[in-house]
Structures are given as structure tokens and as C-alpha cells.
Amino acid sequence: MRCGCPHCQGYMVQSETDGQACVCPHCNYRCNACLGTNTIISRDQLKELKSTDWFQPNFNSPADDETDDSSLS
């Protein structure tokens, strides 16, 4: 896995010697976000998430970059 460093934009490489993390060879920033560490959830937790209302979609609304000309006047 190769990630981009959020600090210096260099390519980070996966380190296997110092625990699971990616390390930037330029600024030594360490991160494990792409590896998904500590993100495993149980089957019961997953079932609970199924009924969660994350958002209410409105498929008839214009996209963010589109404007309704009637609202401008």
C-alpha cells in the first residue's frame, strides 16, 4: 500500500518493523488510517448499524454546483 503524506505530500511506505503503520521517508510522519487497524466490528454491531438513518436523500434537489434560477431573483 502506498499512501500520500498529509504533511509533505510525499509517498508513504508501509513499515513492518515498528508495528502496523505507514511512514513518510521525508518527514517521518506515521499513520495507520489506510490499514484499518482497530476498526473491526462485531456482527451484532453491524446489525445495529443497519437500522441507522445516516441521511435523508433528496433525489429531486439540484446538485451543489447547479443553481435554481428562480431563487436568484
# chains A, B, ... in the order shown; residues from 1 in each chain; ligands from 1
>>> residues_around(residues="Ser15 (chain A)", least_positions_apart="4", cutoff="12 Å", atoms="only C-alpha atoms", output="tab-separated table (two decimals) with all heavy atoms, in the first residue's frame")
chain	number	residue	atom	x	y	z
A	1	MET	N	0.85	-1.17	0.00
A	1	MET	CA	0.00	0.00	0.00
A	1	MET	C	0.89	1.23	0.00
A	1	MET	O	1.85	1.28	0.73
A	1	MET	CB	-0.87	-0.03	1.26
A	1	MET	CG	-1.74	1.16	1.42
A	1	MET	SD	-3.17	0.72	0.68
A	1	MET	CE	-4.50	1.49	0.76
A	2	ARG	N	0.55	2.19	-0.82
A	2	ARG	CA	1.29	3.45	-0.84
A	2	ARG	C	0.30	4.58	-0.61
A	2	ARG	O	-0.67	4.70	-1.34
A	2	ARG	CB	2.03	3.64	-2.14
A	2	ARG	CG	3.17	2.62	-2.27
A	2	ARG	CD	4.02	2.93	-3.41
A	2	ARG	NE	4.71	4.20	-3.17
A	2	ARG	CZ	5.74	4.60	-3.87
A	2	ARG	NH1	6.21	3.87	-4.82
A	2	ARG	NH2	6.31	5.75	-3.61
A	3	CYS	N	0.58	5.38	0.38
A	3	CYS	CA	-0.30	6.50	0.73
A	3	CYS	C	0.43	7.80	0.51
A	3	CYS	O	1.66	7.85	0.51
A	3	CYS	CB	-0.70	6.42	2.20
A	3	CYS	SG	-1.52	4.89	2.64
A	19	GLY	N	5.55	-1.94	14.13
A	19	GLY	CA	4.10	-2.04	14.22
A	19	GLY	C	3.47	-1.70	12.89
A	19	GLY	O	4.13	-1.30	11.95
A	20	GLN	N	2.17	-1.87	12.82
A	20	GLN	CA	1.48	-1.63	11.56
A	20	GLN	C	1.25	-0.14	11.37
A	20	GLN	O	0.43	0.46	12.06
A	20	GLN	CB	0.16	-2.37	11.53
A	20	GLN	CG	0.32	-3.86	11.41
A	20	GLN	CD	-1.02	-4.53	11.22
A	20	GLN	OE1	-2.05	-3.98	11.58
A	20	GLN	NE2	-1.01	-5.72	10.66
A	21	ALA	N	1.96	0.44	10.44
A	21	ALA	CA	1.81	1.87	10.14
A	21	ALA	C	2.51	2.16	8.83
A	21	ALA	O	3.38	1.42	8.40
A	21	ALA	CB	2.39	2.73	11.24
A	22	CYS	N	2.12	3.26	8.21
A	22	CYS	CA	2.84	3.77	7.05
A	22	CYS	C	3.73	4.90	7.55
A	22	CYS	O	3.37	5.63	8.46
A	22	CYS	CB	1.87	4.29	5.99
A	22	CYS	SG	0.91	2.98	5.21
A	23	VAL	N	4.90	5.02	6.95
A	23	VAL	CA	5.87	6.03	7.37
A	23	VAL	C	6.31	6.84	6.16
A	23	VAL	O	6.62	6.30	5.11
A	23	VAL	CB	7.11	5.36	8.02
A	23	VAL	CG1	8.11	6.41	8.47
A	23	VAL	CG2	6.70	4.48	9.18
A	24	CYS	N	6.34	8.15	6.33
A	24	CYS	CA	6.82	9.03	5.27
A	24	CYS	C	8.34	9.09	5.35
A	24	CYS	O	8.90	9.43	6.40
A	24	CYS	CB	6.24	10.43	5.43
A	24	CYS	SG	6.85	11.58	4.18
A	25	PRO	N	9.05	8.75	4.28
A	25	PRO	CA	10.51	8.77	4.32
A	25	PRO	C	11.09	10.19	4.35
A	25	PRO	O	12.25	10.37	4.68
A	25	PRO	CB	10.92	8.05	3.04
A	25	PRO	CG	9.76	8.19	2.13
A	25	PRO	CD	8.54	8.26	3.00
A	28	ASN	N	9.01	11.63	8.23
A	28	ASN	CA	8.84	10.59	9.26
A	28	ASN	C	7.46	10.58	9.91
A	28	ASN	O	7.29	10.05	11.00
A	28	ASN	CB	9.92	10.70	10.34
A	28	ASN	CG	11.29	10.40	9.80
A	28	ASN	OD1	11.44	9.49	8.98
A	28	ASN	ND2	12.27	11.15	10.21
A	29	TYR	N	6.46	11.17	9.26
A	29	TYR	CA	5.10	11.12	9.76
A	29	TYR	C	4.61	9.68	9.70
A	29	TYR	O	4.87	8.97	8.73
A	29	TYR	CB	4.19	12.03	8.93
A	29	TYR	CG	2.74	11.96	9.31
A	29	TYR	CD1	2.27	12.60	10.45
A	29	TYR	CD2	1.83	11.25	8.53
A	29	TYR	CE1	0.93	12.54	10.80
A	29	TYR	CE2	0.50	11.18	8.87
A	29	TYR	CZ	0.05	11.82	10.02
A	29	TYR	OH	-1.27	11.75	10.37
A	30	ARG	N	3.91	9.23	10.74
A	30	ARG	CA	3.40	7.86	10.81
A	30	ARG	C	1.88	7.89	10.86
A	30	ARG	O	1.29	8.75	11.51
A	30	ARG	CB	3.92	7.14	12.05
A	30	ARG	CG	5.42	7.03	12.10
A	30	ARG	CD	5.88	6.36	13.38
A	30	ARG	NE	5.38	5.00	13.49
A	30	ARG	CZ	5.91	3.93	12.91
A	30	ARG	NH1	6.98	4.07	12.17
A	30	ARG	NH2	5.39	2.74	13.07
A	31	CYS	N	1.26	6.93	10.20
A	31	CYS	CA	-0.21	6.88	10.16
A	31	CYS	C	-0.63	5.44	9.90
A	31	CYS	O	0.08	4.68	9.26
A	31	CYS	CB	-0.70	7.79	9.04
A	31	CYS	SG	-2.48	7.82	8.86
A	32	ASN	N	-1.80	5.05	10.42
A	32	ASN	CA	-2.32	3.71	10.13
A	32	ASN	C	-3.76	3.75	9.65
A	32	ASN	O	-4.48	2.77	9.72
A	32	ASN	CB	-2.16	2.78	11.34
A	32	ASN	CG	-2.96	3.25	12.53
A	32	ASN	OD1	-3.67	4.24	12.48
A	32	ASN	ND2	-2.82	2.54	13.64
A	35	LEU	N	-4.78	1.25	6.91
A	35	LEU	CA	-4.67	-0.15	7.26
A	35	LEU	C	-5.91	-0.67	7.98
A	35	LEU	O	-6.09	-1.87	8.13
A	35	LEU	CB	-3.44	-0.38	8.15
A	35	LEU	CG	-2.12	-0.01	7.49
A	35	LEU	CD1	-0.98	-0.16	8.48
A	35	LEU	CD2	-1.87	-0.87	6.27
>>> atom_distance(atom1="CA of Tyr11 (chain A)", atom2="CA of Cys34 (chain A)")
13.2 Å
>>> atom_distance(atom1="CA of Cys8 (chain A)", atom2="CA of His26 (chain A)")
7.7 Å
>>> atom_distance(atom1="CA of Trp54 (chain A)", atom2="CA of Ile41 (chain A)")
17.7 Å
